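This is structure-v4.cif (mmCIF, C-alpha atoms).
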```
data_run
loop_
_atom_site.group_PDB
_atom_site.id
_atom_site.type_symbol
_atom_site.label_atom_id
_atom_site.label_comp_id
_atom_site.auth_asym_id
_atom_site.auth_seq_id
_atom_site.Cartn_x
_atom_site.Cartn_y
_atom_site.Cartn_z
ATOM 1 C CA VAL A 1 116.618 129.577 49.384
ATOM 2 C CA HIS A 2 120.399 129.168 49.647
ATOM 3 C CA ASP A 3 120.867 131.187 46.447
ATOM 4 C CA TYR A 4 119.086 134.161 48.008
ATOM 5 C CA PHE A 5 121.194 134.235 51.185
ATOM 6 C CA TYR A 6 124.635 132.938 50.165
ATOM 7 C CA GLU A 7 125.205 133.309 46.417
ATOM 8 C CA VAL A 8 127.383 136.111 44.997
ATOM 9 C CA ASP A 9 126.796 136.773 41.280
ATOM 10 C CA ARG A 10 129.615 138.143 39.133
ATOM 11 C CA ALA A 11 127.937 141.577 39.079
ATOM 12 C CA TYR A 12 128.468 141.859 42.851
ATOM 13 C CA VAL A 13 132.098 140.713 43.031
ATOM 14 C CA THR A 14 134.467 143.158 44.733
ATOM 15 C CA PRO A 15 138.166 142.925 45.659
ATOM 16 C CA TRP A 16 137.147 141.567 49.096
ATOM 17 C CA ARG A 17 134.093 139.509 47.998
ATOM 18 C CA GLU A 18 134.583 136.777 45.404
ATOM 19 C CA ALA A 19 131.919 135.073 43.291
ATOM 20 C CA TYR A 20 130.210 132.138 44.969
ATOM 21 C CA ALA A 21 127.677 129.577 43.709
ATOM 22 C CA ALA A 22 125.392 128.472 46.554
ATOM 23 C CA GLU A 23 124.586 124.786 47.004
ATOM 24 C CA SER A 24 121.564 122.983 48.366
ATOM 25 C CA GLY A 25 121.946 120.965 51.541
ATOM 26 C CA TYR A 26 122.187 121.365 55.293
ATOM 27 C CA THR A 27 121.279 124.895 56.393
ATOM 28 C CA GLY A 28 122.085 124.759 60.084
ATOM 29 C CA LEU A 29 120.461 124.349 63.472
ATOM 30 C CA ARG A 30 118.103 126.734 65.249
ATOM 31 C CA GLN A 31 117.108 126.330 68.886
ATOM 32 C CA VAL A 32 114.494 128.553 70.497
ATOM 33 C CA VAL A 33 113.422 129.084 74.091
ATOM 34 C CA GLY A 34 110.506 131.408 74.622
ATOM 35 C CA VAL A 35 107.577 132.483 76.713
ATOM 36 C CA SER A 36 104.291 134.073 75.736
ATOM 37 C CA ARG A 37 101.300 135.409 77.584
ATOM 38 C CA HIS A 38 97.851 136.880 76.884
ATOM 39 C CA TYR A 39 96.817 139.972 78.829
ATOM 40 C CA GLY A 40 93.231 140.595 77.724
ATOM 41 C CA ASP A 41 93.483 141.880 74.160
ATOM 42 C CA VAL A 42 97.279 142.053 74.247
ATOM 43 C CA TYR A 43 99.623 139.170 73.430
ATOM 44 C CA ALA A 44 103.283 139.383 74.491
ATOM 45 C CA SER A 45 106.095 137.047 73.484
ATOM 46 C CA LEU A 46 109.821 136.897 74.309
ATOM 47 C CA SER A 47 112.289 134.382 72.880
ATOM 48 C CA LEU A 48 116.003 133.632 72.846
ATOM 49 C CA ASN A 49 117.241 132.079 69.587
ATOM 50 C CA TYR A 50 120.515 130.247 68.968
ATOM 51 C CA TYR A 51 121.664 129.565 65.400
ATOM 52 C CA ASN A 52 124.513 127.140 64.651
ATOM 53 C CA LEU A 53 125.666 127.176 61.019
ATOM 54 C CA HIS A 54 128.752 124.991 61.542
ATOM 55 C CA ASN A 55 129.130 122.437 58.713
ATOM 56 C CA ALA A 56 126.347 124.099 56.698
ATOM 57 C CA SER A 57 126.592 123.429 52.960
ATOM 58 C CA ASN A 58 127.336 127.120 52.255
ATOM 59 C CA GLU A 59 129.822 127.695 55.062
ATOM 60 C CA GLN A 60 132.428 128.899 52.525
ATOM 61 C CA SER A 61 130.236 131.713 51.172
ATOM 62 C CA PRO A 62 131.907 135.128 51.479
ATOM 63 C CA LEU A 63 128.582 136.399 52.876
ATOM 64 C CA MET A 64 128.773 134.078 55.907
ATOM 65 C CA ARG A 65 130.972 135.724 58.515
ATOM 66 C CA GLN A 66 130.385 133.590 61.605
ATOM 67 C CA ASP A 67 129.230 130.050 62.388
ATOM 68 C CA ASP A 68 126.860 130.797 65.254
ATOM 69 C CA TYR A 69 124.972 133.625 66.887
ATOM 70 C CA LEU A 70 122.303 134.505 69.435
ATOM 71 C CA SER A 71 119.308 136.730 68.975
ATOM 72 C CA LEU A 72 116.594 137.993 71.280
ATOM 73 C CA SER A 73 113.131 138.701 69.951
ATOM 74 C CA PHE A 74 110.148 140.426 71.480
ATOM 75 C CA ALA A 75 106.641 140.743 70.067
ATOM 76 C CA LEU A 76 103.671 142.702 71.290
ATOM 77 C CA VAL A 77 100.327 142.201 69.536
ATOM 78 C CA TRP A 78 97.132 144.114 70.157
ATOM 79 C CA ILE A 79 93.948 142.300 69.134
ATOM 80 C CA PHE A 80 91.682 145.225 68.328
ATOM 81 C CA GLU A 81 88.720 143.251 66.962
ATOM 82 C CA LYS A 82 87.403 139.702 67.210
ATOM 83 C CA SER A 83 84.895 137.742 65.178
ATOM 84 C CA ASP A 84 81.508 137.088 66.751
ATOM 85 C CA ARG A 85 82.027 133.408 66.020
ATOM 86 C CA LEU A 86 85.296 131.920 67.362
ATOM 87 C CA VAL A 87 86.782 128.473 66.755
ATOM 88 C CA THR A 88 87.948 126.531 69.799
ATOM 89 C CA PHE A 89 90.385 123.630 69.868
#
```

Kindly present the structure from the file in structure tokens form.
Amino acid sequence: VHDYFYEVDRAYVTPWREAYAAESGYTGLRQVVGVSRHYGDVYASLSLNYYNLHNASNEQSPLMRQDDYLSLSFALVWIFEKSDRLVTF
């Protein structure tokens, strides 16, 4: 996974982006706070996500520009059809 996000092959080296071989190891910390609710056939979800990449094994990658960031996500799902037989937990 680290290769996909942080590695820079020689073919993609530029004057401002040097080659980098990604390493396995610590990826970082993600903390999420969220709420969700069903409204009939509609499901709504809202979450605040904090990512801390400080001391991650690929912190020196030229593709990593900052050590932490926040994101806000929202999802709205419409359940347009249900099975006649439902599983309950």

- request: Can you pull out every residue within 6 Å of region 70-85 of chain A, counting only C-alpha atoms, but drop anything in the same chain fewer than 5 positions away, and send it as a list of chain:residue names?
  value: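 Counting only C-alpha atoms, the residues come to A:Asp41, A:Val42, A:Tyr43, A:Ala44, A:Ser45, A:Leu46, A:Ser47, A:Leu48, A:Asn49, A:Tyr50.
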
- request: To one decimal in Å, tell me the separation between CA of Leu29 (chain A) and CA of Val13 (chain A).
  value: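 Answer for the CA of Leu29 (chain A) to CA of Val13 (chain A) separation: 28.7 Å.
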
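What the PyMOL selection byres ((chain A and resi 52) around 7) grabs from this file is Gly28, Leu29, Arg30, Tyr50, Tyr51, Leu53, His54, Asp67, Asp68 and Tyr69 of chain A.
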
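Closest approach to Asp3 (chain A) among A:Asn55, A:Ser36, A:Ser61, A:Gln31: A:Ser61, based on all atoms listed in the file.
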
field: Atomic separation - CA of Val1 (chain A) relative to CA of Met64 (chain A), Å
entry: 14.5 Å

query: Could you state the separation of CA of Pro62 (chain A) and CA of Tyr6 (chain A) in Å, given to one decimal place?
result: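 Answer for the CA of Pro62 (chain A) to CA of Tyr6 (chain A) separation: 7.7 Å.
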
Might you spell out which residues the PyMOL selection byres ((chain A and resi 4) around 12) would select in the displayed file, as an mmCIF file with C-alpha atoms, in the coordinates of the input?
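Result file is out-v1.cif:
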```
data_model
loop_
_atom_site.group_PDB
_atom_site.id
_atom_site.type_symbol
_atom_site.label_atom_id
_atom_site.label_comp_id
_atom_site.auth_asym_id
_atom_site.auth_seq_id
_atom_site.Cartn_x
_atom_site.Cartn_y
_atom_site.Cartn_z
ATOM 1 C CA VAL A 1 116.618 129.577 49.384
ATOM 2 C CA HIS A 2 120.399 129.168 49.647
ATOM 3 C CA ASP A 3 120.867 131.187 46.447
ATOM 4 C CA PHE A 5 121.194 134.235 51.185
ATOM 5 C CA TYR A 6 124.635 132.938 50.165
ATOM 6 C CA GLU A 7 125.205 133.309 46.417
ATOM 7 C CA VAL A 8 127.383 136.111 44.997
ATOM 8 C CA ASP A 9 126.796 136.773 41.280
ATOM 9 C CA TYR A 20 130.210 132.138 44.969
ATOM 10 C CA ALA A 21 127.677 129.577 43.709
ATOM 11 C CA ALA A 22 125.392 128.472 46.554
ATOM 12 C CA GLU A 23 124.586 124.786 47.004
ATOM 13 C CA SER A 24 121.564 122.983 48.366
ATOM 14 C CA ASN A 58 127.336 127.120 52.255
ATOM 15 C CA SER A 61 130.236 131.713 51.172
ATOM 16 C CA LEU A 63 128.582 136.399 52.876
#
```

Completed region 50-69 of chain A (N, CA and C atoms) as a compact mmCIF listing (two decimals), in the coordinates of the input:
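Okay, this is what ended up in out.txt:
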```
# COMPACT_ATOMS: atom_id res chain seq x y z
N TYR A 50 119.12 130.59 69.23
CA TYR A 50 120.52 130.25 68.97
C TYR A 50 120.59 129.59 67.60
N TYR A 51 121.46 130.11 66.74
CA TYR A 51 121.66 129.56 65.40
C TYR A 51 123.08 129.01 65.30
N ASN A 52 123.21 127.76 64.85
CA ASN A 52 124.51 127.14 64.65
C ASN A 52 124.61 126.76 63.18
N LEU A 53 125.50 127.41 62.45
CA LEU A 53 125.67 127.18 61.02
C LEU A 53 126.92 126.37 60.71
N HIS A 54 127.55 125.79 61.73
CA HIS A 54 128.75 124.99 61.54
C HIS A 54 128.44 123.78 60.66
N ASN A 55 129.28 123.53 59.68
CA ASN A 55 129.13 122.44 58.71
C ASN A 55 127.95 122.62 57.76
N ALA A 56 127.41 123.83 57.67
CA ALA A 56 126.35 124.10 56.70
C ALA A 56 126.93 123.99 55.29
N SER A 57 126.10 123.65 54.32
CA SER A 57 126.59 123.43 52.96
C SER A 57 127.19 124.69 52.34
N ASN A 58 126.81 125.86 52.81
CA ASN A 58 127.34 127.12 52.26
C ASN A 58 128.25 127.85 53.22
N GLU A 59 128.93 127.11 54.06
CA GLU A 59 129.82 127.70 55.06
C GLU A 59 130.96 128.51 54.43
N GLN A 60 131.33 128.21 53.19
CA GLN A 60 132.43 128.90 52.52
C GLN A 60 131.99 130.17 51.79
N SER A 61 130.71 130.50 51.84
CA SER A 61 130.24 131.71 51.17
C SER A 61 130.90 132.95 51.78
N PRO A 62 131.31 133.90 50.94
CA PRO A 62 131.91 135.13 51.48
C PRO A 62 130.90 135.97 52.25
N LEU A 63 129.61 135.66 52.15
CA LEU A 63 128.58 136.40 52.88
C LEU A 63 128.37 135.85 54.29
N MET A 64 128.91 134.66 54.56
CA MET A 64 128.77 134.08 55.91
C MET A 64 130.02 134.44 56.71
N ARG A 65 129.83 135.23 57.75
CA ARG A 65 130.97 135.72 58.52
C ARG A 65 131.20 135.00 59.82
N GLN A 66 130.19 134.33 60.36
CA GLN A 66 130.38 133.59 61.60
C GLN A 66 129.51 132.33 61.58
N ASP A 67 129.91 131.35 62.39
CA ASP A 67 129.23 130.05 62.39
C ASP A 67 128.05 129.97 63.35
N ASP A 68 127.99 130.86 64.33
CA ASP A 68 126.86 130.80 65.25
C ASP A 68 126.57 132.18 65.82
N TYR A 69 125.34 132.35 66.28
CA TYR A 69 124.97 133.62 66.89
C TYR A 69 123.70 133.47 67.71
```
